[in-house]
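The next block is target_17.pdb, given as PDB, C-alpha atoms and all ligand atoms.
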```
ATOM      1  CA  MET A   1       0.000   0.000   0.000
ATOM      2  CA  ALA A   2       3.009   2.286   0.304
ATOM      3  CA  ALA A   3       2.768   2.492  -3.483
ATOM      4  CA  LEU A   4      -0.973   3.019  -3.312
ATOM      5  CA  ASP A   5      -0.870   6.106  -1.107
ATOM      6  CA  GLY A   6       2.689   7.246  -1.841
ATOM      7  CA  LEU A   7       3.512   7.579   1.863
ATOM      8  CA  PRO A   8       6.665   5.995   3.305
ATOM      9  CA  PRO A   9       6.655   2.435   4.738
ATOM     10  CA  LEU A  10       5.474   2.240   8.347
ATOM     11  CA  ARG A  11       8.774   0.839   9.631
ATOM     12  CA  GLU A  12      10.513   3.949   8.369
ATOM     13  CA  VAL A  13       7.846   6.197   9.919
ATOM     14  CA  ILE A  14       8.222   4.455  13.290
ATOM     15  CA  GLN A  15      11.995   4.721  13.191
ATOM     16  CA  ARG A  16      12.056   8.352  12.079
ATOM     17  CA  HIS A  17       9.627   9.416  14.843
ATOM     18  CA  GLY A  18      11.117   7.180  17.549
ATOM     19  CA  LEU A  19       7.841   5.334  18.145
ATOM     20  CA  ASP A  20       9.160   2.408  20.153
ATOM     21  CA  ALA A  21       6.089   0.489  21.321
ATOM     22  CA  ARG A  22       4.909   1.056  24.899
ATOM     23  CA  LYS A  23       3.222  -1.838  26.641
ATOM     24  CA  ALA A  24       1.299   0.393  29.054
ATOM     25  CA  LEU A  25      -0.484   1.934  26.051
ATOM     26  CA  GLY A  26      -1.300  -1.447  24.492
ATOM     27  CA  GLN A  27       0.945  -0.625  21.549
ATOM     28  CA  ASN A  28       1.146  -3.553  19.124
ATOM     29  CA  PHE A  29       1.412  -2.004  15.697
ATOM     30  CA  LEU A  30       0.128  -3.588  12.491
ATOM     31  CA  LEU A  31       2.692  -2.838   9.817
ATOM     32  CA  ASP A  32       1.381  -5.074   7.047
ATOM     33  CA  LEU A  33      -0.598  -2.711   4.862
ATOM     34  CA  ASN A  34      -2.433  -5.585   3.172
ATOM     35  CA  LEU A  35      -3.776  -6.584   6.571
ATOM     36  CA  THR A  36      -4.767  -3.045   7.543
ATOM     37  CA  GLN A  37      -6.686  -2.842   4.262
ATOM     38  CA  LYS A  38      -8.384  -6.152   5.021
ATOM     39  CA  VAL A  39      -9.505  -4.779   8.413
ATOM     40  CA  ALA A  40     -10.769  -1.543   6.841
ATOM     41  CA  ARG A  41     -12.610  -3.461   4.079
ATOM     42  CA  THR A  42     -14.470  -5.491   6.704
ATOM     43  CA  ALA A  43     -16.324  -2.286   7.620
ATOM     44  CA  GLY A  44     -17.983  -2.192   4.181
ATOM     45  CA  PRO A  45     -17.971   0.642   1.633
ATOM     46  CA  LEU A  46     -16.353   3.764   3.059
ATOM     47  CA  GLU A  47     -17.119   6.353   0.376
ATOM     48  CA  GLY A  48     -18.991   9.265   1.968
ATOM     49  CA  VAL A  49     -18.471   7.786   5.443
ATOM     50  CA  THR A  50     -16.856   9.436   8.453
ATOM     51  CA  VAL A  51     -14.772   6.925  10.396
ATOM     52  CA  PHE A  52     -14.026   7.218  14.099
ATOM     53  CA  GLU A  53     -10.756   5.490  14.902
ATOM     54  CA  VAL A  54      -9.285   4.934  18.352
ATOM     55  CA  GLY A  55      -5.530   4.606  18.728
ATOM     56  CA  PRO A  56      -4.183   5.300  15.225
ATOM     57  CA  GLY A  57      -0.577   5.026  16.486
ATOM     58  CA  PRO A  58       1.771   5.496  13.506
ATOM     59  CA  GLY A  59      -1.282   5.391  11.221
ATOM     60  CA  GLY A  60      -1.264   2.053   9.363
ATOM     61  CA  LEU A  61      -4.994   1.450   9.705
ATOM     62  CA  THR A  62      -5.723   5.153   9.261
ATOM     63  CA  ARG A  63      -3.957   5.110   5.900
ATOM     64  CA  ALA A  64      -5.938   2.065   4.764
ATOM     65  CA  ILE A  65      -9.232   3.722   5.727
ATOM     66  CA  LEU A  66      -8.331   6.912   3.849
ATOM     67  CA  ALA A  67      -7.018   5.031   0.808
ATOM     68  CA  LEU A  68     -10.311   3.138   0.658
ATOM     69  CA  GLY A  69     -12.153   6.430   0.256
ATOM     70  CA  ALA A  70     -13.525   7.435   3.658
ATOM     71  CA  LYS A  71     -14.728  11.025   3.532
ATOM     72  CA  LYS A  72     -13.035  11.765   6.828
ATOM     73  CA  VAL A  73     -11.299  10.033   9.728
ATOM     74  CA  ILE A  74     -11.564  11.414  13.252
ATOM     75  CA  ALA A  75      -8.883   9.606  15.245
ATOM     76  CA  VAL A  76      -8.313   9.738  19.001
ATOM     77  CA  GLU A  77      -4.744   9.016  20.115
ATOM     78  CA  ARG A  78      -3.399   9.210  23.640
ATOM     79  CA  ASP A  79       0.305   9.056  22.793
ATOM     80  CA  SER A  80       1.503  12.516  21.742
ATOM     81  CA  ARG A  81       4.645  10.950  20.189
ATOM     82  CA  CYS A  82       2.411   9.719  17.334
ATOM     83  CA  LEU A  83       1.105  13.164  16.393
ATOM     84  CA  PRO A  84       3.907  14.204  13.967
ATOM     85  CA  ALA A  85       3.524  10.921  12.038
ATOM     86  CA  LEU A  86      -0.241  11.452  11.875
ATOM     87  CA  ALA A  87       0.297  15.067  10.757
ATOM     88  CA  GLU A  88       2.159  13.730   7.701
ATOM     89  CA  ILE A  89      -0.863  11.608   6.777
ATOM     90  CA  ALA A  90      -3.165  14.584   7.345
ATOM     91  CA  ALA A  91      -1.009  16.671   4.976
ATOM     92  CA  HIS A  92      -1.231  13.919   2.355
ATOM     93  CA  TYR A  93      -5.039  13.835   2.606
ATOM     94  CA  PRO A  94      -5.942  17.523   3.112
ATOM     95  CA  GLY A  95      -9.070  18.050   5.209
ATOM     96  CA  ARG A  96      -9.703  14.323   5.654
ATOM     97  CA  LEU A  97      -7.887  13.458   8.896
ATOM     98  CA  GLU A  98      -8.591  15.086  12.225
ATOM     99  CA  VAL A  99      -6.643  13.892  15.237
ATOM    100  CA  ILE A 100      -7.866  14.409  18.778
ATOM    101  CA  GLU A 101      -5.113  13.967  21.342
ATOM    102  CA  GLY A 102      -6.409  12.338  24.516
ATOM    103  CA  ASP A 103      -7.996   9.373  26.239
ATOM    104  CA  ALA A 104     -10.737   7.834  24.093
ATOM    105  CA  LEU A 105     -12.624   6.823  27.247
ATOM    106  CA  LYS A 106     -13.160  10.520  27.950
ATOM    107  CA  VAL A 107     -14.359  11.444  24.455
ATOM    108  CA  ASP A 108     -18.111  11.808  23.917
ATOM    109  CA  PHE A 109     -18.224  10.238  20.433
ATOM    110  CA  GLU A 110     -21.984  10.723  20.221
ATOM    111  CA  THR A 111     -21.658  14.504  20.144
ATOM    112  CA  LEU A 112     -18.716  14.855  17.742
ATOM    113  CA  PRO A 113     -19.919  17.078  14.885
ATOM    114  CA  VAL A 114     -20.325  14.867  11.816
ATOM    115  CA  ASP A 115     -22.132  15.144   8.530
ATOM    116  CA  GLY A 116     -23.418  11.796   7.156
ATOM    117  CA  PRO A 117     -22.946   8.168   8.214
ATOM    118  CA  VAL A 118     -20.372   7.092  10.797
ATOM    119  CA  ARG A 119     -18.490   3.816  11.121
ATOM    120  CA  VAL A 120     -16.046   2.953  13.880
ATOM    121  CA  ILE A 121     -12.882   1.067  12.928
ATOM    122  CA  ALA A 122     -10.095   0.403  15.403
ATOM    123  CA  ASN A 123      -7.255  -1.812  16.451
ATOM    124  CA  LEU A 124      -8.074  -1.217  20.086
ATOM    125  CA  PRO A 125      -5.640  -0.939  22.954
ATOM    126  CA  TYR A 126      -6.345  -4.108  24.969
ATOM    127  CA  ASN A 127      -6.658  -2.399  28.326
ATOM    128  CA  VAL A 128      -9.594  -0.162  27.322
ATOM    129  CA  GLY A 129     -11.116  -2.076  24.372
ATOM    130  CA  THR A 130     -14.004  -3.765  26.181
ATOM    131  CA  GLN A 131     -14.989  -0.585  28.030
ATOM    132  CA  LEU A 132     -15.043   1.386  24.767
ATOM    133  CA  LEU A 133     -17.252  -1.261  23.161
ATOM    134  CA  VAL A 134     -19.675  -1.165  26.092
ATOM    135  CA  ASN A 135     -19.800   2.661  25.861
ATOM    136  CA  TRP A 136     -20.636   2.417  22.140
ATOM    137  CA  LEU A 137     -23.403  -0.068  22.927
ATOM    138  CA  LEU A 138     -25.007   2.255  25.433
ATOM    139  CA  PRO A 139     -25.508   5.629  23.738
ATOM    140  CA  LYS A 140     -28.524   7.739  24.666
ATOM    141  CA  ALA A 141     -30.249   7.178  21.321
ATOM    142  CA  TRP A 142     -30.895   3.885  19.461
ATOM    143  CA  PRO A 143     -30.270   3.194  16.574
ATOM    144  CA  PRO A 144     -26.910   4.626  17.613
ATOM    145  CA  PHE A 145     -24.731   7.269  15.969
ATOM    146  CA  TRP A 146     -22.686   4.525  14.226
ATOM    147  CA  GLN A 147     -23.626   2.236  11.356
ATOM    148  CA  SER A 148     -21.070  -0.400  12.290
ATOM    149  CA  LEU A 149     -18.203  -1.194  14.643
ATOM    150  CA  THR A 150     -15.216  -3.035  13.172
ATOM    151  CA  LEU A 151     -12.911  -3.709  16.069
ATOM    152  CA  MET A 152      -9.835  -5.750  16.775
ATOM    153  CA  PHE A 153      -9.673  -7.576  20.104
ATOM    154  CA  GLN A 154      -7.852 -10.425  21.748
ATOM    155  CA  LYS A 155      -9.557 -13.529  20.363
ATOM    156  CA  GLU A 156     -10.859 -14.495  23.802
ATOM    157  CA  VAL A 157     -12.785 -11.196  23.970
ATOM    158  CA  GLY A 158     -14.083 -11.685  20.414
ATOM    159  CA  LEU A 159     -15.454 -15.086  21.417
ATOM    160  CA  ARG A 160     -17.265 -13.514  24.369
ATOM    161  CA  ILE A 161     -18.780 -10.809  22.133
ATOM    162  CA  VAL A 162     -20.337 -13.219  19.642
ATOM    163  CA  ALA A 163     -21.284 -15.942  22.162
ATOM    164  CA  ASP A 164     -24.849 -17.017  22.762
ATOM    165  CA  GLU A 165     -26.409 -19.523  25.154
ATOM    166  CA  ALA A 166     -24.885 -22.999  25.226
ATOM    167  CA  ASP A 167     -21.523 -21.479  24.355
ATOM    168  CA  ASP A 168     -18.721 -21.623  26.932
ATOM    169  CA  HIS A 169     -17.851 -17.960  26.333
ATOM    170  CA  TYR A 170     -21.414 -16.722  26.909
ATOM    171  CA  GLY A 171     -21.660 -14.095  29.631
ATOM    172  CA  ARG A 172     -22.570 -10.465  30.338
ATOM    173  CA  LEU A 173     -20.782  -9.135  27.244
ATOM    174  CA  GLY A 174     -22.520 -11.657  24.967
ATOM    175  CA  VAL A 175     -25.934 -10.693  26.354
ATOM    176  CA  LEU A 176     -25.286  -6.976  25.920
ATOM    177  CA  CYS A 177     -23.952  -7.398  22.364
ATOM    178  CA  GLY A 178     -26.681  -9.897  21.411
ATOM    179  CA  TRP A 179     -29.388  -7.609  22.766
ATOM    180  CA  ARG A 180     -28.540  -4.613  20.612
ATOM    181  CA  THR A 181     -26.373  -5.883  17.754
ATOM    182  CA  GLN A 182     -25.644  -8.565  15.256
ATOM    183  CA  ALA A 183     -22.001  -9.515  15.701
ATOM    184  CA  TYR A 184     -19.634 -11.880  13.953
ATOM    185  CA  MET A 185     -15.925 -12.649  14.019
ATOM    186  CA  ALA A 186     -14.525 -11.763  10.589
ATOM    187  CA  PHE A 187     -10.989 -13.215  10.781
ATOM    188  CA  ASP A 188      -8.087 -13.860  13.139
ATOM    189  CA  ILE A 189      -4.702 -12.183  13.051
ATOM    190  CA  SER A 190      -1.691 -14.053  14.371
ATOM    191  CA  PRO A 191       0.678 -12.448  16.900
ATOM    192  CA  GLN A 192       3.504 -12.402  14.319
ATOM    193  CA  ALA A 193       1.630  -9.806  12.254
ATOM    194  CA  PHE A 194       2.207  -7.189  14.975
ATOM    195  CA  THR A 195       5.236  -5.256  16.127
ATOM    196  CA  PRO A 196       5.945  -6.225  18.836
ATOM    197  CA  PRO A 197       3.966  -9.494  18.735
ATOM    198  CA  PRO A 198       1.405  -9.792  21.560
ATOM    199  CA  LYS A 199       1.111 -13.066  23.513
ATOM    200  CA  VAL A 200      -2.260 -14.005  22.043
ATOM    201  CA  THR A 201      -4.102 -14.233  18.735
ATOM    202  CA  SER A 202      -6.260 -11.245  17.783
ATOM    203  CA  THR A 203      -9.559 -11.224  15.970
ATOM    204  CA  VAL A 204     -11.594  -8.684  14.040
ATOM    205  CA  VAL A 205     -15.219  -8.409  15.130
ATOM    206  CA  HIS A 206     -17.875  -6.628  13.088
ATOM    207  CA  LEU A 207     -21.037  -5.399  14.800
ATOM    208  CA  THR A 208     -24.112  -3.784  13.291
ATOM    209  CA  PRO A 209     -26.993  -2.355  15.307
ATOM    210  CA  LYS A 210     -30.325  -4.179  15.492
ATOM    211  CA  GLU A 211     -32.993  -1.725  14.434
ATOM    212  CA  ASN A 212     -35.499  -2.754  17.068
ATOM    213  CA  PRO A 213     -33.883  -4.492  20.016
ATOM    214  CA  ILE A 214     -36.332  -5.693  22.707
ATOM    215  CA  PRO A 215     -37.203  -2.619  24.797
ATOM    216  CA  CYS A 216     -35.385  -3.061  28.082
ATOM    217  CA  ALA A 217     -33.792  -0.795  30.715
ATOM    218  CA  VAL A 218     -30.084  -1.371  30.387
ATOM    219  CA  GLY A 219     -29.442  -0.816  34.121
ATOM    220  CA  LYS A 220     -31.858  -3.629  34.959
ATOM    221  CA  LEU A 221     -30.415  -5.901  32.278
ATOM    222  CA  GLU A 222     -26.976  -5.363  33.771
ATOM    223  CA  ARG A 223     -28.201  -6.118  37.298
ATOM    224  CA  VAL A 224     -29.783  -9.372  36.158
ATOM    225  CA  THR A 225     -26.791 -10.560  34.112
ATOM    226  CA  GLU A 226     -24.332  -9.530  36.833
ATOM    227  CA  ALA A 227     -26.197 -11.578  39.451
ATOM    228  CA  ALA A 228     -26.851 -14.554  37.155
ATOM    229  CA  PHE A 229     -23.351 -14.874  35.696
ATOM    230  CA  GLY A 230     -21.723 -13.929  39.032
ATOM    231  CA  GLN A 231     -22.659 -17.477  40.075
ATOM    232  CA  ARG A 232     -22.988 -19.070  36.647
ATOM    233  CA  ARG A 233     -22.863 -22.689  37.855
ATOM    234  CA  LYS A 234     -25.693 -22.167  40.368
ATOM    235  CA  MET A 235     -29.400 -22.447  39.614
ATOM    236  CA  LEU A 236     -31.076 -19.148  38.928
ATOM    237  CA  ARG A 237     -33.316 -19.410  41.996
ATOM    238  CA  GLN A 238     -30.089 -19.167  44.018
ATOM    239  CA  SER A 239     -28.049 -16.692  41.959
ATOM    240  CA  LEU A 240     -30.989 -14.298  41.524
ATOM    241  CA  LYS A 241     -32.041 -14.428  45.196
ATOM    242  CA  PRO A 242     -30.964 -10.812  45.885
ATOM    243  CA  LEU A 243     -33.241  -9.653  43.027
ATOM    244  CA  GLY A 244     -36.327 -11.632  43.995
ATOM    245  CA  GLY A 245     -35.283 -15.226  43.234
ATOM    246  CA  GLU A 246     -38.199 -17.593  42.607
ATOM    247  CA  ALA A 247     -40.825 -14.812  42.562
ATOM    248  CA  LEU A 248     -38.965 -12.926  39.834
ATOM    249  CA  LEU A 249     -38.437 -16.107  37.815
ATOM    250  CA  ALA A 250     -42.108 -17.070  38.130
ATOM    251  CA  LYS A 251     -43.138 -13.609  36.912
ATOM    252  CA  ALA A 252     -40.861 -14.013  33.880
ATOM    253  CA  GLY A 253     -42.050 -17.596  33.279
ATOM    254  CA  ILE A 254     -38.552 -19.060  33.631
ATOM    255  CA  ASP A 255     -37.808 -22.408  35.287
ATOM    256  CA  PRO A 256     -35.936 -21.596  38.558
ATOM    257  CA  THR A 257     -33.685 -24.647  38.223
ATOM    258  CA  ARG A 258     -32.059 -23.359  35.033
ATOM    259  CA  ARG A 259     -28.581 -21.813  35.019
ATOM    260  CA  ALA A 260     -27.480 -18.439  33.601
ATOM    261  CA  GLU A 261     -25.630 -19.905  30.633
ATOM    262  CA  THR A 262     -28.835 -21.560  29.306
ATOM    263  CA  LEU A 263     -30.885 -18.352  29.103
ATOM    264  CA  SER A 264     -31.279 -16.641  25.745
ATOM    265  CA  VAL A 265     -30.827 -12.886  25.379
ATOM    266  CA  ASP A 266     -34.615 -12.537  25.023
ATOM    267  CA  GLU A 267     -35.125 -14.342  28.335
ATOM    268  CA  PHE A 268     -32.634 -12.057  30.069
ATOM    269  CA  CYS A 269     -34.570  -9.063  28.706
ATOM    270  CA  ARG A 270     -37.793 -10.588  30.036
ATOM    271  CA  LEU A 271     -36.233 -10.970  33.468
ATOM    272  CA  ALA A 272     -34.971  -7.380  33.405
ATOM    273  CA  ASN A 273     -38.430  -6.145  32.447
ATOM    274  CA  CYS A 274     -39.953  -8.063  35.396
ATOM    275  CA  LEU A 275     -37.550  -6.531  37.941
TER
HETATM  276  N1  LIG B   1      -3.871   1.555  14.979
HETATM  277  C1  LIG B   1      -2.484   1.191  15.149
HETATM  278  C2  LIG B   1      -2.203  -0.101  14.420
HETATM  279  O1  LIG B   1      -3.181  -0.778  14.044
HETATM  280  O2  LIG B   1      -1.038  -0.411  14.220
HETATM  281  C3  LIG B   1      -2.096   1.080  16.639
HETATM  282  C4  LIG B   1      -2.923   0.116  17.447
HETATM  283  S1  LIG B   1      -2.282  -0.183  19.078
HETATM  284  C5  LIG B   1      -2.949  -1.790  19.393
HETATM  285  C6  LIG B   1      -3.303   0.801  20.142
HETATM  286  C7  LIG B   1      -3.165   2.305  20.033
HETATM  287  O3  LIG B   1      -4.065   2.917  20.972
HETATM  288  C8  LIG B   1      -1.795   2.872  20.374
HETATM  289  O4  LIG B   1      -1.430   3.809  19.387
HETATM  290  C9  LIG B   1      -1.960   3.578  21.732
HETATM  291  O5  LIG B   1      -1.107   4.661  21.908
HETATM  292  C10 LIG B   1      -3.410   4.006  21.652
HETATM  293  N2  LIG B   1      -4.091   4.160  22.946
HETATM  294  C11 LIG B   1      -3.883   3.456  24.087
HETATM  295  N3  LIG B   1      -4.755   3.828  25.044
HETATM  296  C12 LIG B   1      -5.542   4.796  24.495
HETATM  297  C13 LIG B   1      -6.630   5.570  24.974
HETATM  298  N4  LIG B   1      -7.088   5.418  26.218
HETATM  299  N5  LIG B   1      -7.197   6.468  24.145
HETATM  300  C14 LIG B   1      -6.739   6.618  22.870
HETATM  301  N6  LIG B   1      -5.712   5.910  22.354
HETATM  302  C15 LIG B   1      -5.126   5.009  23.153
END
```

Show me, as structure tokens, the structure contained in the file I just sent.
Amino acid sequence: MAALDGLPPLREVIQRHGLDARKALGQNFLLDLNLTQKVARTAGPLEGVTVFEVGPGPGGLTRAILALGAKKVIAVERDSRCLPALAEIAAHYPGRLEVIEGDALKVDFETLPVDGPVRVIANLPYNVGTQLLVNWLLPKAWPPFWQSLTLMFQKEVGLRIVADEADDHYGRLGVLCGWRTQAYMAFDISPQAFTPPPKVTSTVVHLTPKENPIPCAVGKLERVTEAAFGQRRKMLRQSLKPLGGEALLAKAGIDPTRRAETLSVDEFCRLANCL
């Protein structure tokens, strides 16, 4: 892709700007521009789309998104050392890359001024990835401000996102994602593709919002799933005791001898609505 966008290879960019990877910032850079394009393509057509990216780092994924025709990228990066490298990309694509320096957990993505559709694409820092996903699943309005989320996680987290009942990885995250989105794992990326290589395999997950998820108060859904999965091997009449136990289960029409991992997302919503 260096030839495609005319910008220098990422290794050179990293060396020139002294961007040695910092573990505390979850810095595992993807330098293979074919792979960054594959991630960006997973989001679907980008023409006319504004992309929110978290953690652009030296800009490999950012470059792929811009080369694939995104109208604009708004990228949030915490590491100020990356800003000069990102400024070079911004100069190459005038008016199409805006970088916000700071902690993505503190950015209110919902209120960023944008014209037209928004997609989120990111190779997320592992320490804040799940929290960012949960924030994007809980905006004030639904359907949300984004058309899709294309996110890279540790594979174990990806499995929890797409899990449903009868799946070992099913838990609170699976219920939340299954309630409001359709999610699938697009492809894995081996540790060797990153610099430096992380300890585990990564995976790209693509989520799109359900138009009409079952109406349900998210606070109640979280209370029910927290209690149920907090003691996932126990029967629900025991694990849900603090929330009403057998009476709550009877109201929702759910057998009290069942366990959390056997309940569908719809049944969890029913329980939340009976709280
Ligand atoms: N996008 C680049 C790539 O694919 O090679 C870098 C991905 S690296 C896994 C994660 C990036 O997130 C790093 O650039 C890191 O500095 C940045 N980062 C870490 N914590 C952050 C936070 N709280 N807010 C914004 N960026 C953060």

Exercise. At most 7 Å from (-18.1, -11.6, 12.6), file frame, only C-alpha atoms: which residues, as a PyMOL selection string?
Worked result: chain A and resi 183-186+205-206

Exercise. Can I get the residues close to ligand LIG 1 (chain B) as a ChimeraX atom specification, where close means within 9 Å and we count all atoms listed in the file?
Worked result: /A:21-32,36,53-62,75-82,100-107,122-129,152-153,194-195

Problem set entry | Distance of CA of Arg172 in chain A from CA of Phe268 in chain A, expressed in Å to one decimal place |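 Interatomic distance, CA of Phe268 in chain A to CA of Arg172 in chain A: 10.2 Å.
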
Exercise. For Trp146 in chain A, which residue out of A:Arg160, A:Arg119, A:His169, A:Arg223 is the nearest one, using only C-alpha atoms?
Worked result: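 Counting only C-alpha atoms, the residue closest to Trp146 in chain A is A:Arg119.
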
Exercise. Smallest atom-to-atom distance to Ser202 in chain A: which of A:Ile189, A:Ala163, A:Val218, A:Val120, using all atoms listed in the file?
Worked result: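 Between A:Ile189, A:Ala163, A:Val218, A:Val120, the residue approaching Ser202 in chain A most closely is A:Ile189.
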
For this session: To verify the selection step, state as a list in words which residues the PyMOL selection byres (((chain A and resi 228) around 10) and not hetatm) yields on this input.
Result: Gly171, Arg172, Glu222, Arg223, Val224, Thr225, Glu226, Ala227, Phe229, Gly230, Gln231, Arg232, Arg233, Lys234, Met235, Leu236, Arg237, Gln238, Ser239, Leu240, Lys241, Leu243, Arg259, Ala260, Glu261, Leu263 and Phe268 of chain A

Problem set entry | Explicit residues for the PyMOL selection byres (((chain A and resi 63) around 10) and not hetatm) (as a VMD selection string) | chain A and resid 1 to 2 4 to 5 7 33 36 to 37 40 56 58 to 62 64 to 68 73 86 89 to 90 92 to 93 97

For this session: Could you please determine the separation between CA of Asp188 in chain A and CA of Ala43 in chain A in Å, to one decimal place?
Result: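 So the answer is 15.2 Å.
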
Would you compute, for all listed atoms of range 247-260 of chain A, the axis-aligned bounding box grown by 6 Å on each side, and then report its centre and edge lengths in Å rounded to one decimal, as lines of an AutoDock Vina configuration file?
```
center_x = -35.3
center_y = -18.8
center_z = 37.9
size_x = 27.7
size_y = 23.7
size_z = 21.3
```

Exercise. Could you write out as a ChimeraX atom specification the residues that the PyMOL selection byres (((chain A and resi 159) around 9) and not hetatm) matches in the shown file?
Worked result: /A:154-158,160-163,169-170,174,185,203

For this session: Would you please work out which residue, of A:Leu112, A:Ala85, A:Ile214, A:Leu173, is nearest to Pro8 in chain A when using all atoms listed in the file?
Result: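 For Pro8 in chain A, the nearest of the given residues is A:Ala85.
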